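Everything on this sheet refers to the single structure shown next.
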Amino acid sequence: MQAIAKDIYIENQYLGVTLGAINFPHGLLQVDAPPSPEDGRAWRAALLNLGGSADRMLVNLDAHPDRTLGARAMDCTIIAHEKTAQVFRSRPTTFKAQGEETGADWETIPGLGNMRWSPPEITFSQQMMIHWGETPVLLEHHPGPAAGATWVILPEAKVVFVGDAVLRAQPPFLSGADLPVWIETLKLLLSPAYRNWLVVSSRGGLVAVDVIRTQMDLLTHILARLEKLAQKKSPPEAIENIVSPLLGTIKIPARAQRRYAQRLRHGLYHYYIRHYRPSTSASGEE
């Protein structure tokens, strides 16, 4: 566990997303949960070492299984955007492995099964303030990566948890995304409003300005390639031709090549159908 500011911690060692913990006098605010039950138990034990009040709340930054599959194991009140809650209403009560690979981290965990989803108990539409200490925490809706994507903002500490808005050394999840909105979200993150802030990505931890710019450039390039396919009225299968060139623009470890190629393939295919072939049936969840 790494302390990045007073009473603010991140954890990168578990498979899935980068976790966050904010220790207030009133209790502990957690950001996301690891998908593996074993990692969930280890994370809870680590959090006990922070001391403080026994009260706990968990914020899910969107509905992706990598961050929500293990939420029930955290055994606390869950907060998320109302559009994240809508996703849970369309899911079965019990977790079931999807029939197709999406390139997500949870798909590499063996033996997942008989796990119940834990939908959020508290939701918000645009903003929500949490007053558990001397300074409030702001939960704010920033769609683009997902319809219910949320940021956890600590104005006094100048720390912001941005979820999947920025990813380090891996391709984005695209099937439920809105690329133009996502690009505008990144422009806000690069604006003077967030100058000299600590930005925490859910896929890589602390990220510098150059990583955010690289993310915006990649999304702009992806959007241009998809628009070009749409102008030619290409079938959805034509996205296969752009998977390898796009993957080649991202510095990724060799061991993850196959999984990340499938992540791009799945996301591009479903994004293309949803935005350019809306009459074709496709799932918007990864």
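Convention: chains lettered A, B, ... in structure tokens order; per-chain residue numbering from 1; ligands numbered from 1 as shown.
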
Using only C-alpha atoms, I'd like a table of the residues in region 52-74 of chain A that come within 12 Å of region 170-176 of chain A; for each, show the closest atom pair and its distance in Å rounded to one decimal, ordered by chain and ascending number, as a tab-separated table.
residue	atom	partner	partner_atom	distance
A:Asp62	CA	A:Gly176	CA	10.7
A:Ala63	CA	A:Gly176	CA	10.2
A:His64	CA	A:Phe173	CA	9.4
A:Pro65	CA	A:Phe173	CA	11.9
A:Asp66	CA	A:Phe173	CA	11.4

Output N, CA and C atoms of each residue in that selection to a file, as a PDB file, in the first residue's frame.
ATOM      1  N   ASP A  62     -17.200   2.618 -11.833  1.00  0.00           N
ATOM      2  CA  ASP A  62     -18.152   2.300 -12.908  1.00  0.00           C
ATOM      3  C   ASP A  62     -18.596   0.862 -12.677  1.00  0.00           C
ATOM      4  N   ALA A  63     -19.225   0.218 -13.668  1.00  0.00           N
ATOM      5  CA  ALA A  63     -19.806  -1.106 -13.456  1.00  0.00           C
ATOM      6  C   ALA A  63     -18.917  -2.248 -13.937  1.00  0.00           C
ATOM      7  N   HIS A  64     -17.691  -1.973 -14.373  1.00  0.00           N
ATOM      8  CA  HIS A  64     -16.846  -3.024 -14.935  1.00  0.00           C
ATOM      9  C   HIS A  64     -16.614  -4.142 -13.919  1.00  0.00           C
ATOM     10  N   PRO A  65     -16.696  -5.415 -14.357  1.00  0.00           N
ATOM     11  CA  PRO A  65     -16.496  -6.529 -13.413  1.00  0.00           C
ATOM     12  C   PRO A  65     -15.153  -6.504 -12.689  1.00  0.00           C
ATOM     13  N   ASP A  66     -14.103  -5.984 -13.324  1.00  0.00           N
ATOM     14  CA  ASP A  66     -12.798  -5.931 -12.652  1.00  0.00           C
ATOM     15  C   ASP A  66     -12.867  -5.175 -11.332  1.00  0.00           C
TER      16      ASP A  66
END

Sort by chain and increasing residue number a table of all residues of region 185-213 of chain A within 12 Å of region 132-149 of chain A, each with its closest pair of atoms and their distance in Å to one decimal, counting only C-alpha atoms, and write it as JSON lines.
{"residue": "A:Thr185", "atom": "CA", "partner": "A:His142", "partner_atom": "CA", "distance": 6.6}
{"residue": "A:Leu186", "atom": "CA", "partner": "A:Gly144", "partner_atom": "CA", "distance": 9.2}
{"residue": "A:Lys187", "atom": "CA", "partner": "A:His142", "partner_atom": "CA", "distance": 11.7}
{"residue": "A:Leu188", "atom": "CA", "partner": "A:His142", "partner_atom": "CA", "distance": 9.9}
{"residue": "A:Leu189", "atom": "CA", "partner": "A:His142", "partner_atom": "CA", "distance": 10.5}
{"residue": "A:Ser202", "atom": "CA", "partner": "A:Ala149", "partner_atom": "CA", "distance": 11.6}

- request: Any chance you could list, as number ranges by chain, the residues in region 111-282 of chain A that come up alpha helix (DSSP H) when DSSP is run on the backbone?
  value: A: 179-189, 209-231, 240-247, 257-276

- request: Work out how far apart CA of Val159 (chain A) and CA of Met1 (chain A) are and give it in Å to one decimal.
  value: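 Rounded to one decimal, the two atoms are 16.3 Å apart.
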
- prompt: Suppose you want the space between CA of Pro245 (chain A) and CA of Arg263 (chain A); what is it in Å?
  reply: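 Atom-to-atom, CA of Pro245 (chain A) and CA of Arg263 (chain A) are spaced 14.0 Å apart.
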
- request: List every residue of region 65-196 of chain A that DSSP, applied to the backbone, labels as strand (DSSP E or B), and write the result as a ChimeraX atom specification.
  value: /A:77-81,94,116,122-124,127-130,137-141,150-154,159-161,167

- prompt: At what distance in Å, to one decimal, does CA of Val162 (chain A) lie from CA of Val200 (chain A)?
  reply: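 Separating CA of Val200 (chain A) from CA of Val162 (chain A) is a distance of 6.1 Å.
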
- request: Would you kindly return, as JSON, numbers by chain, each protein, DNA or RNA residue with an atom no farther than 10 Å from any atom of Gln86 (chain A), considering only C-alpha atoms and excluding same-chain residues fewer than 3 positions away?
  value: {"A": [63, 81, 82, 83, 89, 90, 91, 119, 120, 147, 148]}

Determine, using only C-alpha atoms, which residues of region 36-120 of chain A have any atom at most 12 Å from an atom of region 15-25 of chain A, and tabulate each with its shortest atom pair and distance in Å to one decimal place, rows ordered by chain and then rising number, as a tab-separated table.
residue	atom	partner	partner_atom	distance
A:Ser36	CA	A:Leu15	CA	7.6
A:Pro37	CA	A:Leu15	CA	11.1
A:Glu38	CA	A:Leu15	CA	10.7
A:Asp39	CA	A:Leu15	CA	8.1
A:Gly40	CA	A:Leu15	CA	10.4
A:Trp43	CA	A:Leu19	CA	9.1
A:Arg44	CA	A:Ala21	CA	10.7
A:Ala46	CA	A:Ala21	CA	10.5
A:Leu47	CA	A:Ala21	CA	8.0
A:Leu48	CA	A:Asn23	CA	10.8
A:Asn49	CA	A:Asn23	CA	11.0
A:Leu50	CA	A:Asn23	CA	7.4
A:Gly51	CA	A:Asn23	CA	8.5
A:Gly52	CA	A:Pro25	CA	6.4
A:Ser53	CA	A:Pro25	CA	6.5
A:Ala54	CA	A:Pro25	CA	10.0
A:Asp55	CA	A:Pro25	CA	9.6
A:Arg56	CA	A:Asn23	CA	9.4
A:Met57	CA	A:Ala21	CA	9.9
A:Leu58	CA	A:Ala21	CA	9.0
A:Val59	CA	A:Gly20	CA	9.4
A:Asn60	CA	A:Leu19	CA	10.2
A:Leu61	CA	A:Val17	CA	10.4
A:Asp62	CA	A:Val17	CA	11.5
A:His64	CA	A:Val17	CA	9.9
A:Pro65	CA	A:Gly16	CA	9.0
A:Asp66	CA	A:Gly16	CA	5.2
A:Arg67	CA	A:Val17	CA	6.2
A:Thr68	CA	A:Val17	CA	9.9
A:Leu69	CA	A:Gly16	CA	10.0
A:Gly70	CA	A:Gly16	CA	10.1
A:Ala71	CA	A:Leu19	CA	11.7
A:Gly103	CA	A:Gly16	CA	11.5
A:Ala104	CA	A:Gly16	CA	8.1
A:Asp105	CA	A:Gly16	CA	5.4
A:Trp106	CA	A:Gly16	CA	6.6
A:Glu107	CA	A:Gly16	CA	9.9
A:Thr108	CA	A:Leu15	CA	9.1
A:Ile109	CA	A:Leu15	CA	8.6

- prompt: Contacts of Leu247 (chain A) at 10 Å or less, counting only C-alpha atoms, minus same-chain residues fewer than 2 places along, as a ChimeraX atom specification?
  reply: /A:170-171,242-245,249-252,257,260-261,264-265

Using the selection just defined, write its residues with N, CA and C atoms as an mmCIF file, in the first residue's frame.
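That gives us part-v5.cif:
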data_model
loop_
_atom_site.group_PDB
_atom_site.id
_atom_site.type_symbol
_atom_site.label_atom_id
_atom_site.label_comp_id
_atom_site.auth_asym_id
_atom_site.auth_seq_id
_atom_site.Cartn_x
_atom_site.Cartn_y
_atom_site.Cartn_z
ATOM 1 N N GLN A 170 -1.796 -0.063 -21.604
ATOM 2 C CA GLN A 170 -2.790 -1.045 -21.989
ATOM 3 C C GLN A 170 -3.906 -0.366 -22.766
ATOM 4 N N PRO A 171 -4.605 -1.117 -23.627
ATOM 5 C CA PRO A 171 -5.657 -0.510 -24.433
ATOM 6 C C PRO A 171 -6.907 -0.218 -23.612
ATOM 7 N N ILE A 242 -7.749 -3.094 -38.112
ATOM 8 C CA ILE A 242 -7.119 -1.994 -37.379
ATOM 9 C C ILE A 242 -6.651 -2.390 -35.984
ATOM 10 N N VAL A 243 -6.935 -3.626 -35.569
ATOM 11 C CA VAL A 243 -6.543 -4.067 -34.227
ATOM 12 C C VAL A 243 -5.030 -4.058 -34.058
ATOM 13 N N SER A 244 -4.314 -4.736 -34.949
ATOM 14 C CA SER A 244 -2.848 -4.820 -34.816
ATOM 15 C C SER A 244 -2.163 -3.465 -34.932
ATOM 16 N N PRO A 245 -2.533 -2.614 -35.924
ATOM 17 C CA PRO A 245 -1.908 -1.286 -35.994
ATOM 18 C C PRO A 245 -2.132 -0.460 -34.730
ATOM 19 N N THR A 249 0.711 0.832 -31.284
ATOM 20 C CA THR A 249 0.983 2.182 -30.790
ATOM 21 C C THR A 249 1.074 2.232 -29.266
ATOM 22 N N ILE A 250 0.805 1.089 -28.600
ATOM 23 C CA ILE A 250 0.797 1.039 -27.140
ATOM 24 C C ILE A 250 1.955 0.173 -26.662
ATOM 25 N N LYS A 251 2.730 0.681 -25.722
ATOM 26 C CA LYS A 251 3.840 -0.086 -25.165
ATOM 27 C C LYS A 251 3.302 -1.040 -24.109
ATOM 28 N N ILE A 252 3.155 -2.305 -24.500
ATOM 29 C CA ILE A 252 2.582 -3.285 -23.585
ATOM 30 C C ILE A 252 3.532 -4.471 -23.437
ATOM 31 N N GLN A 257 0.018 -9.518 -24.836
ATOM 32 C CA GLN A 257 -0.329 -9.198 -26.223
ATOM 33 C C GLN A 257 -1.656 -9.823 -26.636
ATOM 34 N N TYR A 260 -4.685 -8.288 -24.654
ATOM 35 C CA TYR A 260 -4.965 -6.904 -25.005
ATOM 36 C C TYR A 260 -5.461 -6.767 -26.445
ATOM 37 N N ALA A 261 -4.984 -7.658 -27.323
ATOM 38 C CA ALA A 261 -5.510 -7.662 -28.691
ATOM 39 C C ALA A 261 -6.997 -8.018 -28.672
ATOM 40 N N LEU A 264 -9.071 -5.014 -27.448
ATOM 41 C CA LEU A 264 -9.313 -4.054 -28.521
ATOM 42 C C LEU A 264 -10.326 -4.586 -29.521
ATOM 43 N N ARG A 265 -10.163 -5.848 -29.918
ATOM 44 C CA ARG A 265 -11.056 -6.453 -30.915
ATOM 45 C C ARG A 265 -12.504 -6.418 -30.432
#

query: A:Ile273, A:Ile183, A:Ile130, A:Ala42: which is nearest His221 (chain A), counting only C-alpha atoms?
result: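 So, comparing all the options, the nearest one is A:Ile183.
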
Close residues, Met115 (chain A) itself excluded, 9 Å, only C-alpha atoms, min 6 positions apart in chain, as an NGL selection string: :A and (69-70 or 72 or 93-96)

Would you save the residues of that selection, restricted to N, CA and C atoms, as a PDB file, in the first residue's frame?
ATOM      1  N   LEU A  69     -16.837  -7.007  -9.175  1.00  0.00           N
ATOM      2  CA  LEU A  69     -17.064  -8.420  -8.880  1.00  0.00           C
ATOM      3  C   LEU A  69     -16.795  -8.746  -7.416  1.00  0.00           C
ATOM      4  N   GLY A  70     -15.795  -8.104  -6.821  1.00  0.00           N
ATOM      5  CA  GLY A  70     -15.445  -8.393  -5.433  1.00  0.00           C
ATOM      6  C   GLY A  70     -16.023  -7.430  -4.420  1.00  0.00           C
ATOM      7  N   ARG A  72     -18.943  -7.258  -2.947  1.00  0.00           N
ATOM      8  CA  ARG A  72     -19.690  -7.859  -1.831  1.00  0.00           C
ATOM      9  C   ARG A  72     -18.745  -8.280  -0.710  1.00  0.00           C
ATOM     10  N   THR A  93     -28.621 -12.048 -10.819  1.00  0.00           N
ATOM     11  CA  THR A  93     -28.232 -11.868  -9.418  1.00  0.00           C
ATOM     12  C   THR A  93     -26.877 -12.481  -9.117  1.00  0.00           C
ATOM     13  N   THR A  94     -26.618 -13.646  -9.715  1.00  0.00           N
ATOM     14  CA  THR A  94     -25.367 -14.354  -9.480  1.00  0.00           C
ATOM     15  C   THR A  94     -24.437 -14.176 -10.672  1.00  0.00           C
ATOM     16  N   PHE A  95     -23.170 -13.975 -10.400  1.00  0.00           N
ATOM     17  CA  PHE A  95     -22.171 -13.806 -11.449  1.00  0.00           C
ATOM     18  C   PHE A  95     -22.100 -15.031 -12.351  1.00  0.00           C
ATOM     19  N   LYS A  96     -22.067 -14.766 -13.654  1.00  0.00           N
ATOM     20  CA  LYS A  96     -21.873 -15.832 -14.637  1.00  0.00           C
ATOM     21  C   LYS A  96     -20.810 -15.367 -15.620  1.00  0.00           C
TER      22      LYS A  96
END

field: Pick from A:Ala80, A:Leu154, A:Val160, A:Val209 nearest to Ile122 (chain A), counting only C-alpha atoms
entry: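 Smallest separation from Ile122 (chain A) among the options: A:Ala80.
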